[in-house]
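Chemist: The structure that follows is given in the form of structure tokens.
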Amino acid sequence: MSTTIFKIDWKKGWLNFNKKAFNATDAMSLKRGKLAESKRTVVITGGSRGIGRAVCLRFAREDARIIFVHYDPDDLKANETLGILHKMDVEAKAKKLDISSFGAVEEFFQEVVREFQRVDVLVNNVGITGDAFLMRMSEDQWDEVLTVNLKGVFNCTKAVIRSMIKERSGRIINISSVVGQIGNIGQSNYAASKAGIIGFTKSVARELATRGITVNAVAPGFINTEMTEKLPDKARESFLAQIPMGRIGEPDEVAETVYWLASVSANYITGQVIHVNGGLYM
Ligand code: NAD
């Protein structure tokens with residue numbers, strides 16, 4: 001029997017079309033899962049809800065293996081995301097983990113690599129706010145936002161690159177924010193963390209460019225998630241007035257950009273900041 005076998009070679013970055021005789025050896029390899037090796041392992045931080053959940057669901061459409069991390073007080077949202085992924089018949093796992101803990105993050109990635117051999121894509125999506133005018137901002141407010149948003153990205157990236165370098169392949173996508181570029185009243189801590197992510201992205205992109213690993217950032221504008229739900233109506237209206245497209249963005253629209261950066265179409269793109277903001281900053 002003759003058939004066309006095609007698979008994406010993520011490492012080399014092209015789609016392989018093999019017209020070949022489907023013989024007994026292939027059938028055995030298929031049985032052992034060898035021909036299914038192109039399934040990617042994708043780790044997404046903050047995947048229980050919002051943009052992180054949308055990113056999980058976007059990679060699920062590729063039938064990637066999804067492992068997401070969250071730190072919600074309860075598992076409600078994480079279980080919801082897992083439920084949707086399992087309904088899509090996707091291999092998925094969730095882990096409650098504080099990404100600001102260097103040791104816990106290192107242990108987590110060691111476990112993932114032990115179980116799945118490698119991580120193909122890391123999406124550093126976790127972000128928190130702790131808003132206050134600088135005059136009133138406490139040291140704790142500053143430390144918490146910087147530790148989760150910026151040190152968290154350092155922790156996860158550092159923990160994943162050893163295996164990516166070994167594989168000479170990998171995609172790292174960091175979620176920054178428009179606020180990291182233009183600033184925002186009451187968000188000096190958040191803006192500093194998101195601007196820091198951009199500097200980090202560019203530096204690590206340079207360090208890893210010859211290792212087959214790309215590192216990029218996505219900077220969303222005003223997106224419809226729990227983070228923006230809590231904004232007072234006045235602040236929401238003033239944000240909306242500044243968006244040329246006149247509407248708030250959807251998590252799916254950010255997820256599409258993240259997915260594209262992890263696809264073969266973005267093979268030659270590294271150290272970039274892609275803005276998804278309806279024109280809010282250009
Ligand atoms: P969200 O608040 O809806 O979800 C945050 C996720 O991060 C949750 O899964 C939560 O459990 C997880 N998390 C929080 N602290 C954690 C920790 N210490 N360790 C591990 N996980 C932790 O957020 P969102 O609105 O979906 O935003 C996602 C990312 O996009 C963030 O980095 C945010 O700064 C950025 N962003 C959002 C907007 C927006 O308008 N929503 C705009 C620009 C940038």
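The chains in the structure tokens are called A, B, ... from first to last as shown; in each chain the residues are counted from 1, and the ligands are counted from 1 in the order shown.
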What are the closest atom pairs, with distances in Å to one decimal, for each residue of chain A lying within 7 Å of ligand 1, using only C-alpha atoms and all ligand atoms, rows by chain and rising residue number, as a Markdown table?
Modeler:
```
| residue | atom | partner | partner_atom_place_in_ligand_line | distance |
| --- | --- | --- | --- | --- |
| A:Thr45 | CA | ligand 1 | 21 (N) | 6.0 |
| A:Gly46 | CA | ligand 1 | 9 (O) | 3.3 |
| A:Gly47 | CA | ligand 1 | 9 (O) | 4.7 |
| A:Ser48 | CA | ligand 1 | 9 (O) | 4.1 |
| A:Arg49 | CA | ligand 1 | 9 (O) | 5.2 |
| A:Gly50 | CA | ligand 1 | 26 (O) | 3.5 |
| A:Ile51 | CA | ligand 1 | 26 (O) | 3.8 |
| A:Gly52 | CA | ligand 1 | 26 (O) | 5.6 |
| A:Val69 | CA | ligand 1 | 21 (N) | 5.9 |
| A:His70 | CA | ligand 1 | 11 (O) | 3.8 |
| A:Tyr71 | CA | ligand 1 | 11 (O) | 3.8 |
| A:Asp72 | CA | ligand 1 | 11 (O) | 4.1 |
| A:Leu97 | CA | ligand 1 | 20 (C) | 5.3 |
| A:Asp98 | CA | ligand 1 | 19 (N) | 3.5 |
| A:Ile99 | CA | ligand 1 | 19 (N) | 4.1 |
| A:Ser100 | CA | ligand 1 | 18 (N) | 5.6 |
| A:Asn125 | CA | ligand 1 | 32 (O) | 4.7 |
| A:Val126 | CA | ligand 1 | 7 (O) | 4.1 |
| A:Gly127 | CA | ligand 1 | 32 (O) | 3.3 |
| A:Ile128 | CA | ligand 1 | 34 (O) | 5.8 |
| A:Val148 | CA | ligand 1 | 18 (N) | 5.2 |
| A:Asn149 | CA | ligand 1 | 32 (O) | 6.9 |
| A:Ile175 | CA | ligand 1 | 32 (O) | 5.2 |
| A:Ser176 | CA | ligand 1 | 44 (C) | 5.7 |
| A:Ser177 | CA | ligand 1 | 44 (C) | 4.0 |
| A:Val178 | CA | ligand 1 | 43 (C) | 6.1 |
| A:Ala219 | CA | ligand 1 | 44 (C) | 6.2 |
| A:Pro220 | CA | ligand 1 | 43 (C) | 4.2 |
| A:Gly221 | CA | ligand 1 | 42 (C) | 4.9 |
| A:Phe222 | CA | ligand 1 | 40 (O) | 3.9 |
| A:Ile223 | CA | ligand 1 | 40 (O) | 3.5 |
| A:Asn224 | CA | ligand 1 | 41 (N) | 5.8 |
| A:Thr225 | CA | ligand 1 | 25 (O) | 4.7 |
| A:Glu226 | CA | ligand 1 | 3 (O) | 4.6 |
| A:Met227 | CA | ligand 1 | 25 (O) | 4.4 |
| A:Thr228 | CA | ligand 1 | 41 (N) | 5.4 |
```
Chemist: Let me see the file: selected residues, C-alpha atoms, as a PDB file, in the first residue's frame.
Modeler:
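Contents of part.pdb, as written:
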```pdb
ATOM      1  CA  THR A  45       2.985  29.725  32.477  1.00  0.00           C
ATOM      2  CA  GLY A  46      -0.254  31.244  33.781  1.00  0.00           C
ATOM      3  CA  GLY A  47      -2.399  28.926  31.667  1.00  0.00           C
ATOM      4  CA  SER A  48      -5.420  28.638  33.940  1.00  0.00           C
ATOM      5  CA  ARG A  49      -7.261  31.628  32.487  1.00  0.00           C
ATOM      6  CA  GLY A  50      -7.116  34.708  30.262  1.00  0.00           C
ATOM      7  CA  ILE A  51      -4.379  34.962  27.653  1.00  0.00           C
ATOM      8  CA  GLY A  52      -2.558  31.878  28.995  1.00  0.00           C
ATOM      9  CA  VAL A  69       1.478  26.264  35.318  1.00  0.00           C
ATOM     10  CA  HIS A  70      -0.753  28.463  37.473  1.00  0.00           C
ATOM     11  CA  TYR A  71      -0.837  29.858  40.995  1.00  0.00           C
ATOM     12  CA  ASP A  72      -4.533  30.495  41.598  1.00  0.00           C
ATOM     13  CA  LEU A  97       3.632  26.389  41.065  1.00  0.00           C
ATOM     14  CA  ASP A  98       4.920  29.806  42.118  1.00  0.00           C
ATOM     15  CA  ILE A  99       7.220  30.820  39.280  1.00  0.00           C
ATOM     16  CA  SER A 100       9.007  33.291  41.500  1.00  0.00           C
ATOM     17  CA  ASN A 125       2.866  34.454  30.212  1.00  0.00           C
ATOM     18  CA  VAL A 126       2.484  35.010  33.974  1.00  0.00           C
ATOM     19  CA  GLY A 127       1.954  38.596  35.001  1.00  0.00           C
ATOM     20  CA  ILE A 128       0.442  40.321  38.026  1.00  0.00           C
ATOM     21  CA  VAL A 148       6.740  37.408  39.803  1.00  0.00           C
ATOM     22  CA  ASN A 149       6.809  39.229  36.450  1.00  0.00           C
ATOM     23  CA  ILE A 175       4.507  38.248  27.301  1.00  0.00           C
ATOM     24  CA  SER A 176       5.363  41.889  27.909  1.00  0.00           C
ATOM     25  CA  SER A 177       2.831  44.744  27.691  1.00  0.00           C
ATOM     26  CA  VAL A 178       2.199  48.022  25.934  1.00  0.00           C
ATOM     27  CA  ALA A 219       3.282  43.139  23.913  1.00  0.00           C
ATOM     28  CA  PRO A 220      -0.510  43.100  24.250  1.00  0.00           C
ATOM     29  CA  GLY A 221      -2.521  46.285  24.634  1.00  0.00           C
ATOM     30  CA  PHE A 222      -5.820  46.284  26.478  1.00  0.00           C
ATOM     31  CA  ILE A 223      -7.147  42.692  26.476  1.00  0.00           C
ATOM     32  CA  ASN A 224     -10.410  41.282  27.787  1.00  0.00           C
ATOM     33  CA  THR A 225      -9.337  39.185  30.824  1.00  0.00           C
ATOM     34  CA  GLU A 226      -9.790  39.098  34.598  1.00  0.00           C
ATOM     35  CA  MET A 227      -6.806  41.447  34.888  1.00  0.00           C
ATOM     36  CA  THR A 228      -8.669  44.231  33.048  1.00  0.00           C
TER      37      THR A 228
END
```
Chemist: Would you mind writing down, as a ChimeraX atom specification, each residue of region 4-252 of chain A that DSSP on the backbone assigns to alpha helix (DSSP H)?
Modeler: /A:24-31,50-60,76-87,102-116,139-146,152-167,179-182,188-208,226-229,233-241,251-252
Chemist: For a quick check of understanding, using only C-alpha atoms, which of A:Ala262, A:Leu240, A:Ala60, A:Val112 has the smallest distance to Gly279 (chain A)?
Modeler: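 The closest residue to Gly279 (chain A) is A:Leu240.
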Chemist: For CA of Gly183 (chain A) and CA of Trp260 (chain A), quote the distance in Å rounded to one decimal.
Modeler: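 About the pair CA of Gly183 (chain A) and CA of Trp260 (chain A): they are 26.7 Å apart.
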Chemist: Out of A:Thr201, A:Thr41, A:Thr147, A:Thr270, which residue has the shortest atom-to-atom distance to Phe109 (chain A) when counting only C-alpha atoms?
Modeler: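 For Phe109 (chain A), the nearest of the candidates is A:Thr41.
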Chemist: Which residue is closest to Val119 (chain A)? Choose from A:Lys202, A:Ala54, A:Gly246, A:Met164 and count only C-alpha atoms.
Modeler: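 Distance minimum relative to Val119 (chain A) lands on A:Met164.
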Chemist: Have a look at A:Pro244, A:Gly130, A:Gly212, A:Gly278 and name the one nearest to Ile172 (chain A); count only C-alpha atoms.
Modeler: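 Smallest distance to Ile172 (chain A) is found for A:Gly212.
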Chemist: Going by DSSP on the backbone, which bits of region 34-245 of chain A are strand (DSSP E)? Write them as number ranges by chain, please.
Modeler: A: 41-45, 65-70, 92-96, 121-124, 170-175, 213-220
Chemist: So that I can check the surroundings of Gly186 (chain A), please list as a ChimeraX atom specification every protein, DNA and RNA residue that reaches within 9 Å of it, counting only C-alpha atoms and ignoring chain neighbours fewer than 2 positions away.
Modeler: /A:130-134,137,184,188-190
Chemist: I'd like the neighbourhood of Arg114 (chain A) as a PDB file with C-alpha atoms, in the first residue's frame, where a residue qualifies if any of its atoms comes within 12 Å (using only C-alpha atoms), though same-chain residues fewer than 6 positions away should be ignored.
Modeler:
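Below is the file result.pdb, written as the result:
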```pdb
ATOM      1  CA  GLU A 107      12.712  21.123  39.792  1.00  0.00           C
ATOM      2  CA  PHE A 108       9.566  21.441  37.661  1.00  0.00           C
ATOM      3  CA  SER A 163      17.568  21.132  27.291  1.00  0.00           C
TER       4      SER A 163
END
```
Chemist: Can you work out the spacing between CA of Ala64 (chain A) and CA of His275 (chain A) in Å, to one decimal?
Modeler: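 Between these atoms lies a distance of 25.0 Å.
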Chemist: Name all residues at most 12 Å from Val121 (chain A) (count only C-alpha atoms; drop same-chain ones fewer than 5 positions away) and give them as a ChimeraX atom specification.
Modeler: /A:10-11,39-45,55-56,59,64-68,156-157,160-161,163-164,169-174,213-216,258-263
Chemist: Between CA of Ala94 (chain A) and CA of Ala78 (chain A), what is the distance, to one decimal in Å?
Modeler: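 Atom-to-atom, CA of Ala94 (chain A) and CA of Ala78 (chain A) are spaced 7.0 Å apart.
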Chemist: Using only C-alpha atoms, can you tell me which of A:Asn267, A:Gln181, A:Phe116, A:Gly83 comes closest to Met282 (chain A)?
Modeler: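 When distances to Met282 (chain A) are compared using only C-alpha atoms, the smallest one comes from A:Gln181.
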